[in-house]
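Asks: So I've got this file, target-v2.csv, and it contains CSV, C-alpha atoms:
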```csv
chain,number,residue,atom,x,y,z
A,1,MET,CA,16.8,-27.9,46.0
A,2,THR,CA,14.6,-30.6,47.5
A,3,PRO,CA,10.8,-30.3,47.0
A,4,ASP,CA,10.2,-29.6,50.7
A,5,ARG,CA,12.7,-26.8,50.8
A,6,LEU,CA,11.2,-25.4,47.6
A,7,VAL,CA,7.7,-25.4,49.0
A,8,GLN,CA,8.8,-23.9,52.3
A,9,SER,CA,10.7,-21.1,50.5
A,10,ALA,CA,7.7,-20.5,48.2
A,11,LEU,CA,5.4,-20.1,51.3
A,12,LEU,CA,7.8,-17.7,52.9
A,13,LEU,CA,8.0,-15.7,49.7
A,14,SER,CA,4.2,-15.6,49.6
A,15,LEU,CA,4.1,-14.3,53.1
A,16,ALA,CA,6.6,-11.6,52.3
A,17,LEU,CA,4.7,-10.5,49.2
A,18,PHE,CA,1.4,-10.4,51.2
A,19,VAL,CA,2.9,-8.2,53.9
A,20,ILE,CA,4.4,-5.8,51.3
A,21,GLY,CA,1.0,-5.5,49.7
A,22,ALA,CA,-0.8,-5.0,53.0
A,23,VAL,CA,1.7,-2.3,54.2
A,24,GLY,CA,1.3,-0.7,50.7
A,25,VAL,CA,-2.4,-0.4,51.1
A,26,PHE,CA,-1.8,1.7,54.3
A,27,LEU,CA,1.1,3.7,53.0
A,28,ARG,CA,0.0,4.8,49.5
A,29,ARG,CA,-2.8,7.4,49.0
A,30,ASN,CA,-3.4,7.1,45.2
A,31,VAL,CA,-6.4,4.9,44.6
A,32,ILE,CA,-4.8,3.0,41.7
A,33,THR,CA,-1.7,2.2,43.6
A,34,VAL,CA,-3.8,0.9,46.5
A,35,PHE,CA,-5.7,-1.2,44.0
A,36,MET,CA,-2.4,-2.6,42.6
A,37,CYS,CA,-1.3,-3.5,46.2
A,38,VAL,CA,-4.5,-5.5,46.6
A,39,GLU,CA,-3.7,-7.3,43.3
A,40,LEU,CA,-0.2,-8.1,44.8
A,41,MET,CA,-1.9,-9.6,47.9
A,42,LEU,CA,-4.1,-11.7,45.6
A,43,ASN,CA,-1.0,-12.9,43.8
A,44,ALA,CA,0.7,-13.8,47.1
A,45,VAL,CA,-2.3,-15.9,48.1
A,46,ASN,CA,-2.2,-17.6,44.7
A,47,LEU,CA,1.4,-18.5,45.3
A,48,SER,CA,0.6,-20.1,48.6
A,49,PHE,CA,-2.2,-22.1,47.0
A,50,VAL,CA,0.2,-23.4,44.3
A,51,ALA,CA,2.8,-24.2,47.0
A,52,PHE,CA,0.3,-26.2,49.1
A,53,SER,CA,-1.0,-27.9,46.0
A,54,ARG,CA,2.6,-29.1,45.4
A,55,ALA,CA,3.0,-30.1,49.0
A,56,LEU,CA,-0.2,-32.1,49.1
A,57,GLY,CA,0.0,-33.6,45.6
A,58,THR,CA,-3.6,-32.6,44.7
A,59,LEU,CA,-4.9,-30.2,42.0
A,60,ASP,CA,-7.9,-28.7,43.8
A,61,ALA,CA,-5.9,-25.7,45.0
A,62,GLN,CA,-4.9,-25.0,41.4
A,63,VAL,CA,-8.5,-25.0,40.4
A,64,LEU,CA,-9.0,-22.5,43.2
A,65,VAL,CA,-6.2,-20.3,41.7
A,66,PHE,CA,-8.0,-20.4,38.4
A,67,PHE,CA,-11.2,-19.0,40.0
A,68,VAL,CA,-9.2,-16.4,41.9
A,69,LEU,CA,-7.7,-15.2,38.6
A,70,THR,CA,-11.2,-15.0,37.0
A,71,VAL,CA,-12.6,-13.0,39.9
A,72,ALA,CA,-9.5,-10.8,40.0
A,73,ALA,CA,-10.1,-9.9,36.3
A,74,ALA,CA,-13.8,-9.1,36.9
A,75,GLU,CA,-12.9,-7.1,40.0
A,76,ALA,CA,-10.2,-5.1,38.2
A,77,ALA,CA,-12.7,-4.2,35.4
A,78,VAL,CA,-15.4,-3.0,37.8
A,79,GLY,CA,-13.0,-1.3,40.2
A,80,LEU,CA,-11.3,0.7,37.5
A,81,ALA,CA,-14.7,1.7,36.1
A,82,ILE,CA,-15.6,3.0,39.5
A,83,ILE,CA,-12.3,4.9,39.7
A,84,ILE,CA,-13.0,6.5,36.3
A,85,ALA,CA,-16.5,7.5,37.5
A,86,ILE,CA,-15.1,9.0,40.8
A,87,HIS,CA,-12.4,10.8,38.9
A,88,ARG,CA,-15.0,12.4,36.7
A,89,HIS,CA,-16.8,13.9,39.7
A,90,ARG,CA,-13.9,14.7,42.0
A,91,ASP,CA,-11.1,15.3,39.5
A,92,THR,CA,-8.5,13.7,41.9
A,93,LEU,CA,-7.3,10.2,42.7
A,94,ASP,CA,-6.3,11.0,46.3
A,95,LEU,CA,-8.0,8.7,48.8
A,96,ASP,CA,-8.3,11.4,51.4
A,97,ALA,CA,-10.6,13.4,49.1
A,98,PHE,CA,-13.2,10.6,49.0
A,99,ASN,CA,-15.0,11.2,52.2
A,100,LEU,CA,-18.6,11.6,51.2
A,101,MET,CA,-19.7,8.6,53.3
A,102,LYS,CA,-17.9,9.8,56.4
A,103,TRP,CA,-20.3,10.8,59.2
B,1,MET,CA,25.8,-28.5,37.0
B,2,SER,CA,23.1,-30.7,38.6
B,3,ILE,CA,19.5,-30.0,38.0
B,4,PRO,CA,18.5,-29.3,41.7
B,5,LEU,CA,21.2,-26.7,42.0
B,6,PHE,CA,20.1,-25.0,38.8
B,7,GLU,CA,16.5,-25.0,40.1
B,8,ALA,CA,17.6,-23.5,43.4
B,9,ILE,CA,19.5,-20.7,41.6
B,10,LEU,CA,16.5,-20.0,39.4
B,11,PHE,CA,14.2,-19.9,42.4
B,12,TYR,CA,16.4,-17.5,44.4
B,13,VAL,CA,16.9,-15.2,41.4
B,14,PHE,CA,13.2,-15.0,40.6
B,15,ALA,CA,12.2,-14.7,44.3
B,16,GLY,CA,14.7,-11.8,44.7
B,17,LEU,CA,13.4,-10.1,41.6
B,18,CYS,CA,9.9,-10.5,42.9
B,19,LEU,CA,10.6,-9.0,46.3
B,20,VAL,CA,12.7,-6.1,45.0
B,21,SER,CA,10.1,-5.1,42.4
B,22,ALA,CA,7.3,-5.4,45.0
B,23,LEU,CA,9.2,-3.1,47.3
B,24,VAL,CA,9.8,-0.7,44.4
B,25,MET,CA,6.0,-0.8,43.6
B,26,VAL,CA,5.1,0.1,47.2
B,27,GLY,CA,7.8,2.7,47.7
B,28,GLN,CA,7.1,4.5,44.4
B,29,ARG,CA,5.1,7.8,44.3
B,30,ASN,CA,4.4,7.7,40.6
B,31,PRO,CA,1.6,5.1,39.9
B,32,LEU,CA,2.9,4.5,36.4
B,33,TYR,CA,6.3,3.2,37.7
B,34,SER,CA,4.4,1.2,40.3
B,35,ALA,CA,2.4,-0.5,37.5
B,36,PHE,CA,5.6,-1.5,35.6
B,37,ALA,CA,7.2,-2.8,38.8
B,38,LEU,CA,4.0,-4.9,39.4
B,39,ILE,CA,4.4,-6.4,35.9
B,40,VAL,CA,7.9,-7.5,36.8
B,41,THR,CA,6.6,-9.0,40.0
B,42,ILE,CA,3.9,-10.9,38.1
B,43,CYS,CA,6.2,-12.3,35.5
B,44,SER,CA,8.8,-13.5,38.0
B,45,LEU,CA,5.9,-15.1,40.1
B,46,SER,CA,4.9,-16.9,36.9
B,47,ALA,CA,8.5,-18.3,36.7
B,48,ILE,CA,8.2,-19.5,40.3
B,49,PHE,CA,4.8,-21.2,39.5
B,50,GLY,CA,6.7,-23.0,36.7
B,51,LEU,CA,9.4,-24.1,39.2
B,52,LEU,CA,6.7,-25.5,41.5
B,53,GLY,CA,5.6,-27.7,38.7
B,54,SER,CA,2.4,-25.9,37.5
B,55,PRO,CA,2.9,-24.8,33.9
B,56,PHE,CA,-0.8,-24.2,33.4
B,57,ILE,CA,-1.1,-21.6,36.2
B,58,ALA,CA,2.2,-20.1,35.1
B,59,ALA,CA,0.8,-19.5,31.6
B,60,LEU,CA,-2.5,-18.3,32.9
B,61,GLN,CA,-0.6,-15.8,35.2
B,62,ILE,CA,1.1,-14.2,32.2
B,63,VAL,CA,-2.0,-14.2,30.0
B,64,VAL,CA,-4.5,-13.0,32.5
B,65,TYR,CA,-2.5,-10.8,34.8
B,66,ALA,CA,0.3,-9.4,32.7
B,67,GLY,CA,-1.7,-9.5,29.5
B,68,ALA,CA,-5.2,-8.4,30.6
B,69,ILE,CA,-5.3,-6.9,34.0
B,70,MET,CA,-2.1,-4.8,33.9
B,71,VAL,CA,-2.9,-3.5,30.4
B,72,LEU,CA,-6.3,-2.3,31.9
B,73,PHE,CA,-4.4,-0.6,34.7
B,74,LEU,CA,-2.0,1.1,32.4
B,75,PHE,CA,-4.8,2.1,30.1
B,76,VAL,CA,-6.7,3.8,33.0
B,77,LEU,CA,-3.5,5.4,34.3
B,78,MET,CA,-2.9,7.0,30.9
B,79,LEU,CA,-6.5,7.9,30.4
B,80,LEU,CA,-6.7,9.8,33.7
B,81,ARG,CA,-3.2,11.4,33.3
B,82,VAL,CA,-2.2,10.8,36.9
B,83,GLY,CA,1.0,12.4,38.2
B,84,PRO,CA,3.0,11.4,41.2
B,85,GLU,CA,1.5,11.8,44.7
B,86,GLU,CA,2.4,15.0,46.4
B,87,VAL,CA,4.6,14.8,49.4
B,88,GLU,CA,2.4,14.9,52.5
B,89,ALA,CA,3.0,17.0,55.6
B,90,ALA,CA,4.9,15.4,58.4
B,91,GLY,CA,3.2,14.6,61.7
B,92,GLN,CA,0.2,12.4,61.8
B,93,GLN,CA,1.0,10.8,58.4
B,94,ARG,CA,4.4,9.8,59.6
B,95,VAL,CA,2.9,8.2,62.7
B,96,LEU,CA,0.5,6.2,60.6
B,97,LYS,CA,3.4,5.1,58.4
B,98,VAL,CA,5.4,3.8,61.4
B,99,VAL,CA,2.3,2.0,62.7
B,100,ALA,CA,1.6,0.4,59.3
B,101,ILE,CA,5.2,-0.9,59.0
B,102,GLY,CA,5.2,-2.1,62.6
B,103,LEU,CA,2.0,-4.1,62.1
B,104,GLY,CA,3.4,-5.5,58.9
B,105,ALA,CA,6.6,-6.6,60.6
B,106,LEU,CA,4.5,-8.2,63.4
B,107,LEU,CA,2.5,-10.2,60.8
B,108,LEU,CA,5.7,-11.2,59.1
B,109,ALA,CA,7.3,-12.4,62.3
B,110,GLN,CA,4.2,-14.3,63.5
B,111,VAL,CA,3.3,-16.2,60.4
B,112,GLY,CA,7.0,-16.6,59.5
B,113,ALA,CA,7.6,-18.4,62.8
B,114,VAL,CA,4.7,-20.7,62.1
B,115,LEU,CA,5.8,-21.4,58.5
B,116,ALA,CA,9.4,-22.0,59.6
B,117,GLY,CA,8.2,-24.7,62.0
B,118,THR,CA,6.1,-26.7,59.6
B,119,HIS,CA,7.5,-29.8,57.9
B,120,LEU,CA,5.7,-30.7,54.7
B,121,GLN,CA,6.5,-33.8,52.8
B,122,PRO,CA,5.7,-33.2,49.1
B,123,PRO,CA,5.3,-36.3,46.9
B,124,THR,CA,8.1,-36.9,44.5
B,125,HIS,CA,5.8,-37.4,41.5
B,126,PHE,CA,3.5,-34.4,40.7
B,127,ASP,CA,1.5,-34.0,37.6
B,128,ALA,CA,-0.2,-30.6,37.0
B,129,SER,CA,-0.1,-30.5,33.2
B,130,SER,CA,-3.0,-28.9,31.3
B,131,ARG,CA,-4.5,-32.3,30.6
B,132,SER,CA,-4.8,-33.3,34.3
B,133,MET,CA,-5.9,-29.7,35.2
B,134,ALA,CA,-8.7,-30.1,32.7
B,135,ARG,CA,-9.7,-33.4,34.2
B,136,VAL,CA,-10.2,-31.7,37.6
B,137,LEU,CA,-11.7,-28.5,36.2
B,138,PHE,CA,-14.4,-30.3,34.1
B,139,SER,CA,-15.2,-32.9,36.7
B,140,PRO,CA,-18.7,-32.8,38.1
B,141,GLN,CA,-17.3,-31.2,41.3
B,142,TYR,CA,-16.2,-28.0,39.6
B,143,VAL,CA,-17.9,-27.8,36.2
B,144,TYR,CA,-20.9,-25.8,37.5
B,145,VAL,CA,-18.6,-23.3,39.2
B,146,PHE,CA,-16.7,-23.0,36.0
B,147,GLU,CA,-19.9,-22.2,34.1
B,148,ALA,CA,-20.9,-19.7,36.8
B,149,THR,CA,-17.7,-17.7,36.2
B,150,SER,CA,-18.9,-16.9,32.7
B,151,VAL,CA,-22.0,-15.2,34.3
B,152,LEU,CA,-19.7,-13.3,36.6
B,153,ILE,CA,-17.6,-12.1,33.6
B,154,VAL,CA,-20.6,-10.9,31.7
B,155,GLY,CA,-21.9,-9.2,34.8
B,156,ALA,CA,-18.6,-7.4,35.3
B,157,LEU,CA,-18.4,-6.4,31.7
B,158,VAL,CA,-21.9,-4.8,31.7
B,159,GLY,CA,-21.2,-3.2,35.1
B,160,ALA,CA,-17.9,-1.7,33.9
B,161,VAL,CA,-19.6,-0.2,30.8
B,162,VAL,CA,-22.5,1.2,32.8
B,163,LEU,CA,-20.2,2.7,35.5
B,164,ALA,CA,-17.6,4.2,33.1
B,165,ARG,CA,-19.9,5.7,30.5
B,166,LYS,CA,-20.5,9.5,30.4
B,167,GLU,CA,-23.9,10.5,31.9
B,168,PRO,CA,-26.2,11.8,29.1
```
Please go through the file and, once you have read it, give me the structure as structure tokens.
Replies:
Amino acid sequence: MTPDRLVQSALLLSLALFVIGAVGVFLRRNVITVFMCVELMLNAVNLSFVAFSRALGTLDAQVLVFFVLTVAAAEAAVGLAIIIAIHRHRDTLDLDAFNLMKW
Amino acid sequence: MSIPLFEAILFYVFAGLCLVSALVMVGQRNPLYSAFALIVTICSLSAIFGLLGSPFIAALQIVVYAGAIMVLFLFVLMLLRVGPEEVEAAGQQRVLKVVAIGLGALLLAQVGAVLAGTHLQPPTHFDASSRSMARVLFSPQYVYVFEATSVLIVGALVGAVVLARKEP
């Protein structure tokens, strides 16, 4: 497989994963599954960063992937803590039940 | 067997594994099975990073995502004892489902058409070893951002403890 075919296939794979994640955010109603779909979208974007880094021959995109990974770890920790706090008050993880801020 | 052919076979095997497990994750009602499917997706993505010539990011993907983030997810899933989602009533939900899948297909078609038309010329020589990654990461351009992430991690740690603790 030549490098340009490899990069192009990786970009198409990244697109497919992103779309699956985005559709999952709308389809699923469990907060944790929705959260995992967001993680999948982050992963898809990381893949496109790595593919473009390979295409351009520079490493700046890979540094960006490093920072995305760090922020994703922080975001998962805080997000899951929020989910635990909500579960303590509402006793459910169904997104339709969290409507306190709805006017 | 020549090396490029072997690479192509590996790429398609891992890409297929990645797509199938991502679909299983989204189509699954039980969040626990979704989490395990996401772990398979992450591990095969790591293999694809390796095929793209980025061993550092591939290792990081396994350590941080499969090792830290997914363990956190599984821990919370088991802590809260979540069961599968109940089946929703037909009607409005079904309409929303069709709209979501339609918009997803639209996005796929639009960006896919753009990507299929682009012609990139990757250089033949590409060095993304840990050594050259460290040169870029600790260069004056990024070293302050790198230090700032430690503040972010500490902030997230304190925030998570404060949010998740029981109120006295």
Asks: One decimal, Å: what's the distance from atom CA of A:Phe52 over to atom CA of B:Tyr142, could you say?
Replies: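 Value for the atom CA of A:Phe52-atom CA of B:Tyr142 distance: 19.1 Å.
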Asks: Quick one: which residues from chain B are at most 6 Å off chain A, using only C-alpha atoms, as number ranges by chain?
Replies: B: 4, 8, 26, 31, 100, 104, 121-122, 153, 156, 160, 163-164
Asks: Would you compute the distance between atom CA of A:Ala61 and atom CA of B:Leu52? Give it in Å to one decimal.
Replies: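 About the pair atom CA of A:Ala61 and atom CA of B:Leu52: they are 13.1 Å apart.
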Asks: Which residues are close to B:Phe14, i.e. within 10 Å by all atoms listed in the file, leaving aside same-chain residues fewer than 2 positions away? Reply as a PyMOL selection string.
Replies: chain B and resi 8-12+16-20+40-41+43-48+51
Asks: Would you compute the distance between atom CA of B:Ile39 and atom CA of B:Tyr65? Give it in Å to one decimal.
Replies: 8.3 Å
Asks: From the options B:Gly67, B:Gly117, B:Pro55, B:Pro84, which residue's atoms come nearest to B:Leu32, counting only C-alpha atoms?
Replies: B:Pro84
